[in-house]
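Novice: Contents of run37.txt (compact mmCIF, N, CA and C atoms) are given next:
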# COMPACT_ATOMS: atom_id res chain seq x y z
N MET A 7 18.72 -5.43 19.10
CA MET A 7 17.57 -5.02 18.34
C MET A 7 18.00 -4.85 16.89
N MET A 8 17.35 -5.60 16.02
CA MET A 8 17.68 -5.62 14.60
C MET A 8 16.47 -5.13 13.80
N ILE A 9 16.74 -4.31 12.80
CA ILE A 9 15.71 -3.91 11.85
C ILE A 9 15.83 -4.87 10.66
N ASN A 10 14.77 -5.63 10.41
CA ASN A 10 14.74 -6.57 9.29
C ASN A 10 13.81 -6.01 8.22
N ILE A 11 14.37 -5.75 7.06
CA ILE A 11 13.58 -5.23 5.95
C ILE A 11 13.52 -6.30 4.87
N GLU A 12 12.30 -6.61 4.44
CA GLU A 12 12.11 -7.61 3.40
C GLU A 12 11.30 -6.98 2.27
N TYR A 13 11.79 -7.12 1.06
CA TYR A 13 11.07 -6.65 -0.13
C TYR A 13 10.62 -7.89 -0.89
N ARG A 14 9.31 -8.14 -0.86
CA ARG A 14 8.72 -9.27 -1.59
C ARG A 14 8.10 -8.73 -2.87
N HIS A 15 8.47 -9.35 -3.97
CA HIS A 15 7.91 -8.89 -5.24
C HIS A 15 7.88 -10.02 -6.26
N THR A 16 7.05 -9.82 -7.27
CA THR A 16 6.98 -10.77 -8.37
C THR A 16 7.96 -10.35 -9.45
N ASP A 17 8.05 -11.17 -10.49
CA ASP A 17 8.89 -10.82 -11.64
C ASP A 17 8.15 -9.94 -12.64
N ALA A 18 6.87 -9.74 -12.42
CA ALA A 18 6.05 -8.97 -13.36
C ALA A 18 6.50 -7.51 -13.41
N GLU A 19 6.42 -6.96 -14.62
CA GLU A 19 6.76 -5.54 -14.77
C GLU A 19 5.67 -4.69 -14.14
N LEU A 20 6.05 -3.55 -13.60
CA LEU A 20 5.10 -2.63 -12.99
C LEU A 20 4.38 -1.88 -14.10
N GLU A 21 3.08 -1.72 -13.95
CA GLU A 21 2.25 -1.21 -15.04
C GLU A 21 2.13 0.31 -15.10
N ASP A 22 2.42 1.00 -14.03
CA ASP A 22 2.21 2.44 -13.98
C ASP A 22 3.53 3.18 -14.17
N PRO A 23 3.69 3.88 -15.29
CA PRO A 23 4.96 4.59 -15.54
C PRO A 23 5.13 5.86 -14.71
N THR A 24 4.12 6.24 -13.92
CA THR A 24 4.22 7.48 -13.13
C THR A 24 4.73 7.24 -11.71
N ILE A 25 4.97 5.99 -11.31
CA ILE A 25 5.39 5.72 -9.94
C ILE A 25 6.86 6.11 -9.75
N ARG A 26 7.26 6.29 -8.52
CA ARG A 26 8.61 6.79 -8.20
C ARG A 26 9.72 5.83 -8.63
N ARG A 27 9.55 4.56 -8.35
CA ARG A 27 10.56 3.55 -8.72
C ARG A 27 9.90 2.62 -9.70
N ARG A 28 10.27 2.73 -10.96
CA ARG A 28 9.50 2.10 -12.04
C ARG A 28 9.77 0.62 -12.23
N THR A 29 10.78 0.09 -11.54
CA THR A 29 11.05 -1.34 -11.62
C THR A 29 11.32 -1.88 -10.23
N THR A 30 11.18 -3.19 -10.09
CA THR A 30 11.49 -3.80 -8.80
C THR A 30 12.98 -3.69 -8.52
N GLY A 31 13.79 -3.67 -9.57
CA GLY A 31 15.23 -3.47 -9.39
C GLY A 31 15.53 -2.10 -8.80
N ASN A 32 14.82 -1.07 -9.29
CA ASN A 32 14.99 0.28 -8.73
C ASN A 32 14.60 0.31 -7.26
N MET A 33 13.51 -0.39 -6.91
CA MET A 33 13.06 -0.41 -5.52
C MET A 33 14.07 -1.12 -4.63
N ALA A 34 14.57 -2.26 -5.08
CA ALA A 34 15.57 -2.99 -4.29
C ALA A 34 16.82 -2.14 -4.09
N GLU A 35 17.23 -1.43 -5.13
CA GLU A 35 18.41 -0.56 -5.02
C GLU A 35 18.16 0.59 -4.05
N TYR A 36 16.95 1.15 -4.08
CA TYR A 36 16.57 2.22 -3.15
C TYR A 36 16.68 1.72 -1.71
N ILE A 37 16.12 0.53 -1.44
CA ILE A 37 16.17 -0.01 -0.08
C ILE A 37 17.61 -0.30 0.33
N ARG A 38 18.42 -0.83 -0.59
CA ARG A 38 19.83 -1.07 -0.27
C ARG A 38 20.53 0.23 0.13
N GLY A 39 20.18 1.33 -0.52
CA GLY A 39 20.75 2.62 -0.16
C GLY A 39 20.36 3.04 1.25
N LEU A 40 19.09 2.81 1.61
CA LEU A 40 18.64 3.11 2.98
C LEU A 40 19.37 2.24 3.99
N VAL A 41 19.53 0.96 3.65
CA VAL A 41 20.23 0.03 4.54
C VAL A 41 21.67 0.48 4.73
N PHE A 42 22.32 0.92 3.67
CA PHE A 42 23.69 1.41 3.77
C PHE A 42 23.77 2.61 4.71
N GLU A 43 22.82 3.54 4.59
CA GLU A 43 22.80 4.71 5.48
C GLU A 43 22.64 4.28 6.93
N MET A 44 21.78 3.30 7.18
CA MET A 44 21.57 2.84 8.56
C MET A 44 22.82 2.14 9.08
N GLU A 45 23.47 1.35 8.24
CA GLU A 45 24.70 0.68 8.66
C GLU A 45 25.79 1.70 9.00
N MET A 46 25.86 2.77 8.23
CA MET A 46 26.85 3.82 8.49
C MET A 46 26.55 4.52 9.82
N ALA A 47 25.30 4.49 10.26
CA ALA A 47 24.91 5.09 11.54
C ALA A 47 24.91 4.05 12.66
N ASP A 48 25.51 2.89 12.40
CA ASP A 48 25.60 1.80 13.39
C ASP A 48 24.24 1.30 13.86
N ILE A 49 23.25 1.31 12.97
CA ILE A 49 21.95 0.73 13.27
C ILE A 49 21.96 -0.69 12.73
N PRO A 50 21.71 -1.69 13.58
CA PRO A 50 21.70 -3.06 13.10
C PRO A 50 20.52 -3.30 12.15
N VAL A 51 20.84 -3.63 10.92
CA VAL A 51 19.80 -3.79 9.90
C VAL A 51 20.17 -4.93 8.97
N LYS A 52 19.14 -5.61 8.50
CA LYS A 52 19.33 -6.69 7.54
C LYS A 52 18.29 -6.53 6.44
N PHE A 53 18.70 -6.73 5.20
CA PHE A 53 17.78 -6.61 4.06
C PHE A 53 17.74 -7.93 3.32
N ARG A 54 16.52 -8.32 2.95
CA ARG A 54 16.34 -9.53 2.17
C ARG A 54 15.34 -9.23 1.06
N GLU A 55 15.68 -9.63 -0.15
CA GLU A 55 14.79 -9.48 -1.29
C GLU A 55 14.29 -10.87 -1.66
N ASN A 56 12.97 -11.03 -1.72
CA ASN A 56 12.36 -12.32 -2.07
C ASN A 56 11.49 -12.16 -3.30
N ILE A 57 11.76 -12.96 -4.31
CA ILE A 57 10.93 -12.97 -5.50
C ILE A 57 9.89 -14.06 -5.30
N VAL A 58 8.62 -13.68 -5.38
CA VAL A 58 7.51 -14.61 -5.15
C VAL A 58 6.75 -14.82 -6.44
N GLY A 59 5.97 -15.88 -6.49
CA GLY A 59 5.23 -16.22 -7.70
C GLY A 59 4.08 -15.28 -8.01
N GLU A 60 3.35 -14.90 -6.98
CA GLU A 60 2.20 -14.01 -7.20
C GLU A 60 1.92 -13.22 -5.94
N GLY A 61 0.97 -12.30 -6.09
CA GLY A 61 0.60 -11.46 -4.95
C GLY A 61 1.09 -10.05 -5.14
N PRO A 62 0.62 -9.15 -4.31
CA PRO A 62 1.09 -7.76 -4.44
C PRO A 62 2.52 -7.63 -3.92
N ASN A 63 3.27 -6.75 -4.52
CA ASN A 63 4.62 -6.44 -4.02
C ASN A 63 4.46 -5.72 -2.69
N THR A 64 5.36 -5.99 -1.76
CA THR A 64 5.26 -5.37 -0.45
C THR A 64 6.63 -5.24 0.20
N VAL A 65 6.73 -4.31 1.12
CA VAL A 65 7.92 -4.16 1.95
C VAL A 65 7.47 -4.45 3.38
N LEU A 66 8.20 -5.34 4.03
CA LEU A 66 7.93 -5.66 5.43
C LEU A 66 9.11 -5.16 6.26
N ILE A 67 8.80 -4.47 7.33
CA ILE A 67 9.82 -4.00 8.26
C ILE A 67 9.50 -4.66 9.59
N ASN A 68 10.38 -5.54 10.01
CA ASN A 68 10.15 -6.36 11.20
C ASN A 68 8.78 -7.03 11.16
N GLY A 69 8.43 -7.54 9.98
CA GLY A 69 7.22 -8.33 9.80
C GLY A 69 5.94 -7.55 9.55
N ARG A 70 6.01 -6.22 9.53
CA ARG A 70 4.82 -5.40 9.32
C ARG A 70 4.95 -4.60 8.03
N THR A 71 3.81 -4.39 7.37
CA THR A 71 3.82 -3.59 6.15
C THR A 71 3.95 -2.11 6.50
N ILE A 72 4.30 -1.32 5.53
CA ILE A 72 4.42 0.12 5.73
C ILE A 72 3.08 0.70 6.20
N GLU A 73 1.98 0.25 5.57
CA GLU A 73 0.66 0.74 5.95
C GLU A 73 0.35 0.43 7.41
N GLN A 74 0.69 -0.78 7.87
CA GLN A 74 0.45 -1.15 9.27
C GLN A 74 1.28 -0.29 10.22
N ILE A 75 2.50 0.01 9.83
CA ILE A 75 3.40 0.78 10.70
C ILE A 75 2.94 2.22 10.84
N ILE A 76 2.57 2.83 9.73
CA ILE A 76 2.24 4.27 9.78
C ILE A 76 0.78 4.54 10.13
N GLU A 77 -0.02 3.47 10.29
CA GLU A 77 -1.43 3.66 10.64
C GLU A 77 -1.54 4.49 11.92
N GLY A 78 -2.28 5.56 11.85
CA GLY A 78 -2.49 6.42 13.01
C GLY A 78 -1.44 7.51 13.18
N LEU A 79 -0.36 7.44 12.40
CA LEU A 79 0.67 8.49 12.50
C LEU A 79 0.24 9.71 11.68
N GLU A 80 0.59 10.87 12.15
CA GLU A 80 0.39 12.09 11.39
C GLU A 80 1.77 12.55 10.93
N ILE A 81 2.04 12.35 9.64
CA ILE A 81 3.34 12.69 9.10
C ILE A 81 3.26 14.10 8.54
N LYS A 82 4.12 14.97 9.06
CA LYS A 82 4.14 16.37 8.64
C LYS A 82 5.52 16.70 8.09
N LEU A 83 5.53 17.56 7.11
CA LEU A 83 6.79 18.09 6.61
C LEU A 83 7.17 19.29 7.46
N LEU A 84 8.45 19.55 7.58
CA LEU A 84 8.90 20.70 8.35
C LEU A 84 8.44 21.99 7.71
N ASP A 85 8.01 22.93 8.54
CA ASP A 85 7.72 24.27 8.04
C ASP A 85 9.03 24.94 7.68
N VAL A 86 8.95 25.94 6.83
CA VAL A 86 10.16 26.62 6.37
C VAL A 86 10.98 27.14 7.55
N GLU A 87 10.32 27.71 8.57
CA GLU A 87 11.08 28.27 9.69
C GLU A 87 11.69 27.17 10.58
N ASP A 88 11.19 25.93 10.47
CA ASP A 88 11.74 24.82 11.26
C ASP A 88 12.83 24.06 10.54
N SER A 89 13.02 24.34 9.27
CA SER A 89 13.98 23.57 8.49
C SER A 89 15.40 24.04 8.79
N CYS A 90 16.36 23.24 8.38
CA CYS A 90 17.77 23.57 8.65
C CYS A 90 18.45 24.01 7.36
N ASP A 91 17.88 25.01 6.69
CA ASP A 91 18.45 25.45 5.43
C ASP A 91 19.47 26.57 5.61
N MET A 92 19.82 26.87 6.86
CA MET A 92 20.85 27.86 7.16
C MET A 92 20.55 29.23 6.56
N GLY A 93 19.26 29.59 6.53
CA GLY A 93 18.89 30.91 6.05
C GLY A 93 18.73 31.02 4.55
N ARG A 94 19.04 29.95 3.83
CA ARG A 94 18.86 29.98 2.37
C ARG A 94 17.40 29.77 2.06
N GLY A 95 16.97 30.24 0.93
CA GLY A 95 15.59 30.06 0.50
C GLY A 95 15.32 28.61 0.17
N GLY A 96 14.06 28.20 0.24
CA GLY A 96 13.67 26.84 -0.10
C GLY A 96 13.80 26.57 -1.58
N MET A 97 14.00 25.31 -1.92
CA MET A 97 14.16 24.91 -3.31
C MET A 97 12.77 24.75 -3.93
N VAL A 98 12.59 25.24 -5.11
CA VAL A 98 11.33 25.10 -5.82
C VAL A 98 11.39 23.78 -6.58
N THR A 99 10.36 22.95 -6.38
CA THR A 99 10.32 21.68 -7.09
C THR A 99 9.02 21.57 -7.87
N PHE A 100 9.07 20.77 -8.91
CA PHE A 100 7.90 20.53 -9.74
C PHE A 100 7.58 19.05 -9.66
N GLY A 101 6.32 18.71 -9.80
CA GLY A 101 5.95 17.31 -9.77
C GLY A 101 4.94 17.02 -8.69
N ARG A 102 4.87 15.76 -8.33
CA ARG A 102 3.89 15.30 -7.36
C ARG A 102 4.21 15.80 -5.96
N PRO A 103 3.17 16.00 -5.15
CA PRO A 103 3.41 16.36 -3.75
C PRO A 103 4.21 15.26 -3.05
N THR A 104 5.02 15.65 -2.08
CA THR A 104 5.93 14.74 -1.40
C THR A 104 5.23 13.54 -0.79
N LEU A 105 4.06 13.72 -0.21
CA LEU A 105 3.39 12.63 0.48
C LEU A 105 2.37 11.90 -0.39
N ASP A 106 2.25 12.26 -1.67
CA ASP A 106 1.33 11.59 -2.58
C ASP A 106 1.86 10.19 -2.87
N TRP A 107 0.97 9.18 -2.75
CA TRP A 107 1.42 7.80 -2.87
C TRP A 107 0.32 6.94 -3.48
N ASN A 108 0.61 6.27 -4.58
CA ASN A 108 -0.30 5.30 -5.17
C ASN A 108 -0.11 3.99 -4.41
N ARG A 109 -0.99 3.70 -3.47
CA ARG A 109 -0.82 2.56 -2.57
C ARG A 109 -0.93 1.21 -3.27
N LYS A 110 -1.32 1.21 -4.51
CA LYS A 110 -1.35 -0.05 -5.28
C LYS A 110 0.08 -0.55 -5.52
N TYR A 111 1.03 0.37 -5.49
CA TYR A 111 2.44 0.03 -5.76
C TYR A 111 3.31 0.46 -4.58
N VAL A 112 3.88 -0.51 -3.89
CA VAL A 112 4.79 -0.16 -2.79
C VAL A 112 6.01 0.58 -3.35
N GLU A 113 6.30 0.37 -4.61
CA GLU A 113 7.43 1.04 -5.25
C GLU A 113 7.23 2.54 -5.35
N ASP A 114 6.01 3.01 -5.13
CA ASP A 114 5.71 4.45 -5.20
C ASP A 114 5.77 5.13 -3.84
N VAL A 115 6.11 4.39 -2.78
CA VAL A 115 6.12 4.98 -1.44
C VAL A 115 7.11 6.16 -1.41
N PRO A 116 6.66 7.30 -0.89
CA PRO A 116 7.56 8.45 -0.79
C PRO A 116 8.69 8.18 0.22
N ASP A 117 9.82 8.77 -0.04
CA ASP A 117 10.98 8.62 0.84
C ASP A 117 10.64 9.03 2.27
N THR A 118 9.88 10.11 2.43
CA THR A 118 9.50 10.59 3.77
C THR A 118 8.71 9.53 4.53
N ILE A 119 7.77 8.88 3.86
CA ILE A 119 6.95 7.85 4.52
C ILE A 119 7.79 6.62 4.83
N MET A 120 8.63 6.21 3.90
CA MET A 120 9.47 5.03 4.12
C MET A 120 10.40 5.25 5.32
N LYS A 121 11.04 6.39 5.38
CA LYS A 121 11.96 6.68 6.49
C LYS A 121 11.20 6.82 7.82
N ASN A 122 9.99 7.38 7.79
CA ASN A 122 9.19 7.47 9.01
C ASN A 122 8.77 6.08 9.49
N ALA A 123 8.46 5.18 8.57
CA ALA A 123 8.09 3.82 8.95
C ALA A 123 9.27 3.11 9.60
N ILE A 124 10.46 3.25 9.02
CA ILE A 124 11.66 2.64 9.59
C ILE A 124 11.94 3.23 10.97
N ALA A 125 11.84 4.56 11.09
CA ALA A 125 12.10 5.22 12.37
C ALA A 125 11.09 4.77 13.43
N LYS A 126 9.83 4.59 13.05
CA LYS A 126 8.80 4.15 13.99
C LYS A 126 9.11 2.74 14.50
N VAL A 127 9.50 1.84 13.60
CA VAL A 127 9.86 0.48 14.02
C VAL A 127 11.06 0.52 14.95
N PHE A 128 12.05 1.33 14.61
CA PHE A 128 13.25 1.46 15.45
C PHE A 128 12.86 1.96 16.85
N ALA A 129 12.00 2.97 16.90
CA ALA A 129 11.57 3.52 18.19
C ALA A 129 10.76 2.50 18.97
N ASP A 130 9.86 1.80 18.29
CA ASP A 130 9.05 0.77 18.96
C ASP A 130 9.92 -0.34 19.52
N GLU A 131 10.94 -0.75 18.78
CA GLU A 131 11.82 -1.82 19.23
C GLU A 131 12.66 -1.39 20.43
N ASN A 132 13.01 -0.11 20.49
CA ASN A 132 13.84 0.40 21.59
C ASN A 132 13.02 0.90 22.78
N LYS A 133 11.71 0.98 22.63
CA LYS A 133 10.85 1.55 23.66
C LYS A 133 11.01 0.86 25.02
N ASN A 134 11.06 -0.43 25.01
CA ASN A 134 11.12 -1.17 26.27
C ASN A 134 12.53 -1.67 26.60
N LYS A 135 13.49 -1.20 25.85
CA LYS A 135 14.87 -1.63 26.09
C LYS A 135 15.42 -0.91 27.32
N ILE A 136 15.97 -1.66 28.23
CA ILE A 136 16.57 -1.09 29.44
C ILE A 136 18.05 -1.46 29.43
N ASP A 137 18.88 -0.46 29.48
CA ASP A 137 20.31 -0.71 29.56
C ASP A 137 20.70 -1.03 30.99
N VAL A 138 21.40 -2.12 31.16
CA VAL A 138 21.86 -2.56 32.49
C VAL A 138 23.31 -2.15 32.63
N VAL A 139 23.58 -1.38 33.67
CA VAL A 139 24.94 -0.95 33.95
C VAL A 139 25.44 -1.73 35.16
N GLN A 140 26.54 -2.42 34.96
CA GLN A 140 27.13 -3.16 36.08
C GLN A 140 28.21 -2.33 36.72
N VAL A 141 28.20 -2.30 38.04
CA VAL A 141 29.19 -1.50 38.77
C VAL A 141 30.18 -2.41 39.44
Using C-alpha cells, write down the structure from this file.
Specialist:
Amino acid sequence: MMINIEYRHTDAELEDPTIRRRTTGNMAEYIRGLVFEMEMADIPVKFRENIVGEGPNTVLINGRTIEQIIEGLEIKLLDVEDSCDMGRGGMVTFGRPTLDWNRKYVEDVPDTIMKNAIAKVFADENKNKIDVVQV
C-alpha cells in the first residue's frame, strides 16, 4: 500500500498574500516535509510535483483531492484536557483559526486538514488489507 501525493500547479504567482504558503515553492517544500515524516515512520509514500499550463492548483492523494477525501468528516481539535501537554498550560496564538481555509488556494490548507486527509487515505487503503500468516 503506497500513499501517492501529487501537487499540480501552474507557474503563476499566488494572488492572496494572506494564505499560509504564499508560493508554490513553499507548498512543495511543505509537502516534502510531510513526506519525510512519513518515510521516517516507515509509511510507503511517493511525492510528485507537476507544473501544468493552466487550471487550479491542487493536491491529489491517491488520485483524490483534499476536498473529496475530507467530505463528510468532522475534524475536531483536541480539548485541553485531552491534549498531551503534560500539565503545562496551552500556548496562546494570534492569527487565523486553525481550521480556517480559503479553498480557492490549496496552498492555504491547514496542517490539521492536510494530515487528516493523508491519515484518512492511509486508513482507507489499509481497511481491507488482510495479513496472511504462514505456519
Novice: So which residues touch region 102-106 of chain A within 8 Å, counting only C-alpha atoms, skipping near sequence neighbours fewer than 3 positions away, as an MDAnalysis selection string?
Specialist: chainID A and resid 116 118:119
Novice: As an exercise, work out the distance from atom N of Gly69 (chain A) to atom C of Trp107 (chain A) in Å and give it to one decimal place.
Specialist: 21.4 Å
Novice: How many Å separate CA of Ala125 (chain A) from CA of Asn108 (chain A)?
Specialist: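 CA of Asn108 (chain A) lies at a distance of 21.5 Å from CA of Ala125 (chain A).
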Novice: Separation of CA of Phe128 (chain A) and atom C of Asn56 (chain A), in Å?
Specialist: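 Separation of CA of Phe128 (chain A) and atom C of Asn56 (chain A): 23.2 Å.
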Novice: Tell me, as a list in words, which residues lie within 7 Å of region 57-65 of chain A, counting all atoms listed in the file; anything in the same chain fewer than 5 positions away does not count.
Specialist: Ile11, Glu12, Tyr13, Arg14, His15, Thr16, Asp17, Arg70, Thr71, Ile72, Tyr111, Val112 and Glu113 of chain A
Novice: Using all atoms listed in the file, what residues lie at most 6.5 Å away from (5.7, 10.8, 6.3) (file coordinates), given as an MDAnalysis selection string?
Specialist: chainID A and resid 80:82 118:120 122
Novice: Only N, CA and C atoms, please: the residues just picked out, written as a PDB file, in the coordinates of the input.
Specialist:
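This is the output file selection.pdb:
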ATOM      1  N   GLU A  80       0.590  10.870  12.150  1.00  0.00           N
ATOM      2  CA  GLU A  80       0.390  12.090  11.390  1.00  0.00           C
ATOM      3  C   GLU A  80       1.770  12.550  10.930  1.00  0.00           C
ATOM      4  N   ILE A  81       2.040  12.350   9.640  1.00  0.00           N
ATOM      5  CA  ILE A  81       3.340  12.690   9.100  1.00  0.00           C
ATOM      6  C   ILE A  81       3.260  14.100   8.540  1.00  0.00           C
ATOM      7  N   LYS A  82       4.120  14.970   9.060  1.00  0.00           N
ATOM      8  CA  LYS A  82       4.140  16.370   8.640  1.00  0.00           C
ATOM      9  C   LYS A  82       5.520  16.700   8.090  1.00  0.00           C
ATOM     10  N   THR A 118       9.880  10.110   2.430  1.00  0.00           N
ATOM     11  CA  THR A 118       9.500  10.590   3.770  1.00  0.00           C
ATOM     12  C   THR A 118       8.710   9.530   4.530  1.00  0.00           C
ATOM     13  N   ILE A 119       7.770   8.880   3.860  1.00  0.00           N
ATOM     14  CA  ILE A 119       6.950   7.850   4.520  1.00  0.00           C
ATOM     15  C   ILE A 119       7.790   6.620   4.830  1.00  0.00           C
ATOM     16  N   MET A 120       8.630   6.210   3.900  1.00  0.00           N
ATOM     17  CA  MET A 120       9.470   5.030   4.120  1.00  0.00           C
ATOM     18  C   MET A 120      10.400   5.250   5.320  1.00  0.00           C
ATOM     19  N   ASN A 122       9.990   7.380   7.790  1.00  0.00           N
ATOM     20  CA  ASN A 122       9.190   7.470   9.010  1.00  0.00           C
ATOM     21  C   ASN A 122       8.770   6.080   9.490  1.00  0.00           C
TER      22      ASN A 122
END
Novice: Given all atoms listed in the file as the basis, pick out the residue of A:Ala123, A:Met46, A:Ala129, A:Gly31 nearest to Ile67 (chain A).
Specialist: A:Ala123
Novice: With distances taken over only C-alpha atoms, which of A:Leu66, A:Phe42, A:Met8, A:Arg26 is nearest to Asp117 (chain A)?
Specialist: A:Arg26
Novice: Could you go through region 11-135 of chain A and tell me which residues DSSP, when run on the backbone, assigns to strand (DSSP E), listing them as a ChimeraX atom specification?
Specialist: /A:11-15,51-57,64-67,70-71
Novice: Need to verify the contact set: Asn68 (chain A), 8 Å, only C-alpha atoms, exclusion of same-chain residues closer than 6 positions in sequence. Can you return it as a list in words?
Specialist: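 Contacts, in chain order: Ile9, Asn10, Ile11 and Val127 of chain A.
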Novice: Pick the closest to Asn132 (chain A) from A:Arg38, A:Met7, A:Val51, A:Glu77: which is it, counting all atoms listed in the file?
Specialist: A:Met7
